[in-house]
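Novice: I'd like to ask you about the structure that follows.
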Amino acid sequence: MLDVDKVLSSHYPQLEQRDWLKRPVSRTLKRLLHEQEFQSFAERYPHLQGFEFVEQVLDYFNFSYRVSDREKERIPESGRVVIIANHPIGSLDGLALLKLVRSVRPDVKVIANDLLMQVKPLHGCLLPVNNMGGYTPKQNLQNITQWLENDGAVIIFPAGEVSRVAPTGIRDGAWHPGFLRMATKSKAPILPIHVHGRNSARFYGASMVYKPLSTLLLVEEMFRQENNTIAFTVGELIPHHSYSATASLPVKTRVKLFHKHLYRIAKRKPGLFPTETAIAAPEPRLALKQALNAGQQLGQTPDGKLIYLLDYQADSPVMREIGRLREVAFRAVGEGTGQRRDLDKYDQHYWHLVLWDPAELDIVGAYRLCDTQATLNTQGLDGIYSASLFDFEQGMQPFLAQGLELGRSFVQPKYWGKRSLDYLWLGIGALLAQKPQYRYLFGPVTISNAMPQAAKELLIFFYRTYFTGESEYARSKRPFELADSKESELLGHFCGNDYAKDLKQLKMLLDHLGVGIPTLYKQYSELCEPGGVQFLGFGVDPDFADCIDGLVLVDLKRLKPKRYQRYIAPHFSHQPNADTSH
């Protein structure tokens, strides 16, 4: 594992010609670096690699950590994240932090400098970079970017070296800006974790006299940590939109803000950046399965997933998991409530359509649905979620009388691109086959505030042009307005009377901005023949990360035959004497 003579030959080849100097240097370093102990460990555990090696090293030193359960929940179990931490010990604290994060999610790697890369059994846990200044190969940086873009987690110690003594205590020196560049490039949130630990007084004394000497003492300090326990303070997640708001500041200033933020949370003081509450931990799988079995099974997908319809139950593991997964899915696209779970008062009297993966014992996605006339009869407009965002005119009454409100739809990120939304619509079709009294579907459909302003304006202009009816049925309580000058500018991009041509143009313009048409906008706009789908208004939702809600209205009498055959007709085959004409 560690061969001092090889390290000397590699880094100081001139010593090969000076045997009189090499021998005493080698003996001293072998003692300081505990070469014999390292080699004995390697001989005893030659088979250990990656995280198994990490665990064995921590066991060897009987080195552990403590963290509160509530703070541990702040580590996101999925999705890209850059974890930043101080480095007070310079050795075992890094392995302990890796173990902590690994206990929540397996897809985590440590950004490692050349020194750590010398420990070959760790290679499976590392992404190499020169974090102490100097040149880092382009391929190494690309590997980090790719890991984050594949929704992995990385741990980085921005100081690139062990903490030293300072007038304010044991603190990192100046941080390098690499962590901020990595996070910004991938739009990853940043999670600060403060490590409470320290080395010996001898180490800090040597550091003040001659810094390189203290670096040589780090291995000795690691052996002094035997039987020790350190504590972690896990801060709240700093989302991309929070730290990107400081983009106008010099990079050095921004990095100093993160440095100060970390040490403030260590003292239980408020940080400097707006943060998000940690998403709740997952519910037990068996409890979810048992609770779902109490609901009504509406159908099964071709690949074996099950579709359930459930009434709200208080203290239900299914509702807690739906609330958790809503927040996971919505935050992934720059939306969400910022709470541990996305649940509200409307959930209590809505139906919940759930797509279940029995192989993985996981909720794929869900919709919530409301019989609006029944709700009006018992609770009035206060019971309808859309009415909290839009003021309904009198002309809306017929749609409410025969309407089914849809909303809060989500598919959790790991099931994106796997026909999951289509499967949820099979469930909606099954419900419509059972309850043919519903003629209209309506509800808010969101455009993320994370989209560029130009993209939001293009989308709203396009859908107003092609999907707005002649009558005004609803107005947003907080309308998203386009200035007349902007309307004229946007009109120049489209012909205004050729849907197919303008749709192609919209896709091209959005592609240039690095985004696409939101999935639900594509889904709704392709459901019906012309005139069957309308967007009644657009408004900003301050309780949902300032996303834009478009209120969609669907007339099922104008459903395209192919869509009818896909979603509704198959469910009549199980009902005797069913009329399948459309």
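So you can find residues: chains in the structure tokens are A, B, ... in the order shown, residues in each start at 1, and ligands are numbered from 1 in order.
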Please, which residues of region 203-232 of chain A, numbered as in this document, come out helix (DSSP H, G or I) from DSSP, as a PyMOL selection string?
Specialist: chain A and resi 203-209+211-216+218-224
Novice: Restricting it to N, CA and C atoms, dump the selection as a PDB file, in the first residue's frame.
Specialist:
ATOM      1  N   PHE A 203       1.056  18.986  16.448  1.00  0.00           N
ATOM      2  CA  PHE A 203       0.846  19.206  15.016  1.00  0.00           C
ATOM      3  C   PHE A 203       0.698  20.697  14.717  1.00  0.00           C
ATOM      4  N   TYR A 204      -0.111  21.384  15.512  1.00  0.00           N
ATOM      5  CA  TYR A 204      -0.340  22.805  15.244  1.00  0.00           C
ATOM      6  C   TYR A 204       0.911  23.633  15.545  1.00  0.00           C
ATOM      7  N   GLY A 205       1.682  23.205  16.546  1.00  0.00           N
ATOM      8  CA  GLY A 205       2.940  23.888  16.820  1.00  0.00           C
ATOM      9  C   GLY A 205       3.909  23.744  15.661  1.00  0.00           C
ATOM     10  N   ALA A 206       4.017  22.523  15.131  1.00  0.00           N
ATOM     11  CA  ALA A 206       4.893  22.293  13.979  1.00  0.00           C
ATOM     12  C   ALA A 206       4.413  23.085  12.773  1.00  0.00           C
ATOM     13  N   SER A 207       3.088  23.200  12.635  1.00  0.00           N
ATOM     14  CA  SER A 207       2.514  23.930  11.505  1.00  0.00           C
ATOM     15  C   SER A 207       2.905  25.401  11.543  1.00  0.00           C
ATOM     16  N   MET A 208       2.954  25.975  12.746  1.00  0.00           N
ATOM     17  CA  MET A 208       3.322  27.389  12.863  1.00  0.00           C
ATOM     18  C   MET A 208       4.808  27.607  12.610  1.00  0.00           C
ATOM     19  N   VAL A 209       5.635  26.603  12.965  1.00  0.00           N
ATOM     20  CA  VAL A 209       7.080  26.728  12.769  1.00  0.00           C
ATOM     21  C   VAL A 209       7.460  26.483  11.319  1.00  0.00           C
ATOM     22  N   LYS A 211       5.427  24.668   7.958  1.00  0.00           N
ATOM     23  CA  LYS A 211       4.220  23.998   7.467  1.00  0.00           C
ATOM     24  C   LYS A 211       4.488  22.629   6.840  1.00  0.00           C
ATOM     25  N   PRO A 212       5.524  22.462   5.982  1.00  0.00           N
ATOM     26  CA  PRO A 212       5.768  21.130   5.408  1.00  0.00           C
ATOM     27  C   PRO A 212       6.019  20.056   6.460  1.00  0.00           C
ATOM     28  N   LEU A 213       6.617  20.438   7.585  1.00  0.00           N
ATOM     29  CA  LEU A 213       6.854  19.461   8.646  1.00  0.00           C
ATOM     30  C   LEU A 213       5.538  18.940   9.207  1.00  0.00           C
ATOM     31  N   SER A 214       4.570  19.835   9.386  1.00  0.00           N
ATOM     32  CA  SER A 214       3.274  19.398   9.914  1.00  0.00           C
ATOM     33  C   SER A 214       2.579  18.454   8.937  1.00  0.00           C
ATOM     34  N   THR A 215       2.782  18.673   7.645  1.00  0.00           N
ATOM     35  CA  THR A 215       2.194  17.778   6.646  1.00  0.00           C
ATOM     36  C   THR A 215       2.758  16.371   6.798  1.00  0.00           C
ATOM     37  N   LEU A 216       4.073  16.272   7.074  1.00  0.00           N
ATOM     38  CA  LEU A 216       4.691  14.966   7.295  1.00  0.00           C
ATOM     39  C   LEU A 216       4.127  14.282   8.537  1.00  0.00           C
ATOM     40  N   LEU A 218       1.067  14.218   9.460  1.00  0.00           N
ATOM     41  CA  LEU A 218      -0.356  13.871   9.328  1.00  0.00           C
ATOM     42  C   LEU A 218      -0.625  12.387   9.559  1.00  0.00           C
ATOM     43  N   VAL A 219       0.274  11.535   9.078  1.00  0.00           N
ATOM     44  CA  VAL A 219       0.061  10.099   9.291  1.00  0.00           C
ATOM     45  C   VAL A 219       0.165   9.769  10.775  1.00  0.00           C
ATOM     46  N   GLU A 220       1.151  10.372  11.444  1.00  0.00           N
ATOM     47  CA  GLU A 220       1.278  10.188  12.891  1.00  0.00           C
ATOM     48  C   GLU A 220      -0.004  10.653  13.594  1.00  0.00           C
ATOM     49  N   GLU A 221      -0.561  11.772  13.122  1.00  0.00           N
ATOM     50  CA  GLU A 221      -1.804  12.285  13.703  1.00  0.00           C
ATOM     51  C   GLU A 221      -2.962  11.321  13.475  1.00  0.00           C
ATOM     52  N   MET A 222      -2.968  10.668  12.326  1.00  0.00           N
ATOM     53  CA  MET A 222      -4.026   9.699  12.044  1.00  0.00           C
ATOM     54  C   MET A 222      -3.995   8.570  13.070  1.00  0.00           C
ATOM     55  N   PHE A 223      -2.811   8.091  13.411  1.00  0.00           N
ATOM     56  CA  PHE A 223      -2.712   7.018  14.394  1.00  0.00           C
ATOM     57  C   PHE A 223      -3.081   7.510  15.793  1.00  0.00           C
ATOM     58  N   ARG A 224      -2.954   8.805  16.035  1.00  0.00           N
ATOM     59  CA  ARG A 224      -3.373   9.366  17.321  1.00  0.00           C
ATOM     60  C   ARG A 224      -4.899   9.423  17.450  1.00  0.00           C
TER      61      ARG A 224
END
Novice: Residues near region 537-539 of chain A, anyone? I mean within 10 Å using only C-alpha atoms, not counting same-chain ones fewer than 6 positions away, as a list in words.
Specialist: Leu389, Phe390, Pro444, Val445, Thr446, Ile447, Ile460, Tyr463, Arg464, Thr468, Glu472, Tyr473, Ala474, Arg475, Ser476, Lys477, Arg478, Pro479, Phe480, Glu481, Asp546, Cys547, Ile548, Asp549, Gly550, Leu551 and Val552 of chain A
Novice: Could you state the separation of CA of Ala112 (chain A) and CA of Ser242 (chain A) in Å, given to one decimal place?
Specialist: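 CA of Ala112 (chain A) sits 26.7 Å away from CA of Ser242 (chain A).
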Novice: Could you check the closest approach to Gly197 (chain A) for each of A:Arg102, A:Arg320, A:Arg268, A:Arg66 and tell me which residue wins, using only C-alpha atoms?
Specialist: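 Closest to Gly197 (chain A) of all the choices is A:Arg66.
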Novice: Just the strand (DSSP E) stuff from region 191-410 of chain A, please, per backbone DSSP, written as a PyMOL selection string.
Specialist: chain A and resi 191-196+229-234+296-300+306-311+351-357+362-371+390-392+403-410
Novice: Using only C-alpha atoms, which protein or nucleic acid residues come within 8 Å of region 507-517 of chain A? Drop anything in the same chain fewer than 5 positions from it, and give the result as a CSV table (one decimal) with C-alpha atoms, in the first residue's frame.
Specialist:
chain,number,residue,atom,x,y,z
A,451,MET,CA,-36.6,28.0,-17.2
A,452,PRO,CA,-35.0,31.0,-18.9
A,455,ALA,CA,-38.4,30.3,-22.8
A,458,LEU,CA,-42.3,31.7,-25.8
A,459,LEU,CA,-44.3,28.9,-24.3
A,522,LYS,CA,-47.1,18.1,-24.7
Novice: Compile the contact shell of Asn143 (chain A) as JSON, numbers by chain: residues with an atom at most 12 Å away, counting only C-alpha atoms, same-chain residues fewer than 2 positions apart removed.
Specialist: {"A": [109, 111, 126, 127, 128, 129, 136, 137, 138, 139, 140, 141, 145, 146, 147, 148, 149, 150, 152, 154, 182]}
Novice: Between A:Ile363, A:Val57, A:Ala401, A:Ile428, which has the minimum distance to Asn377 (chain A) (counting only C-alpha atoms)?
Specialist: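 Looking at the shortest contact to Asn377 (chain A), the residue is A:Ala401.
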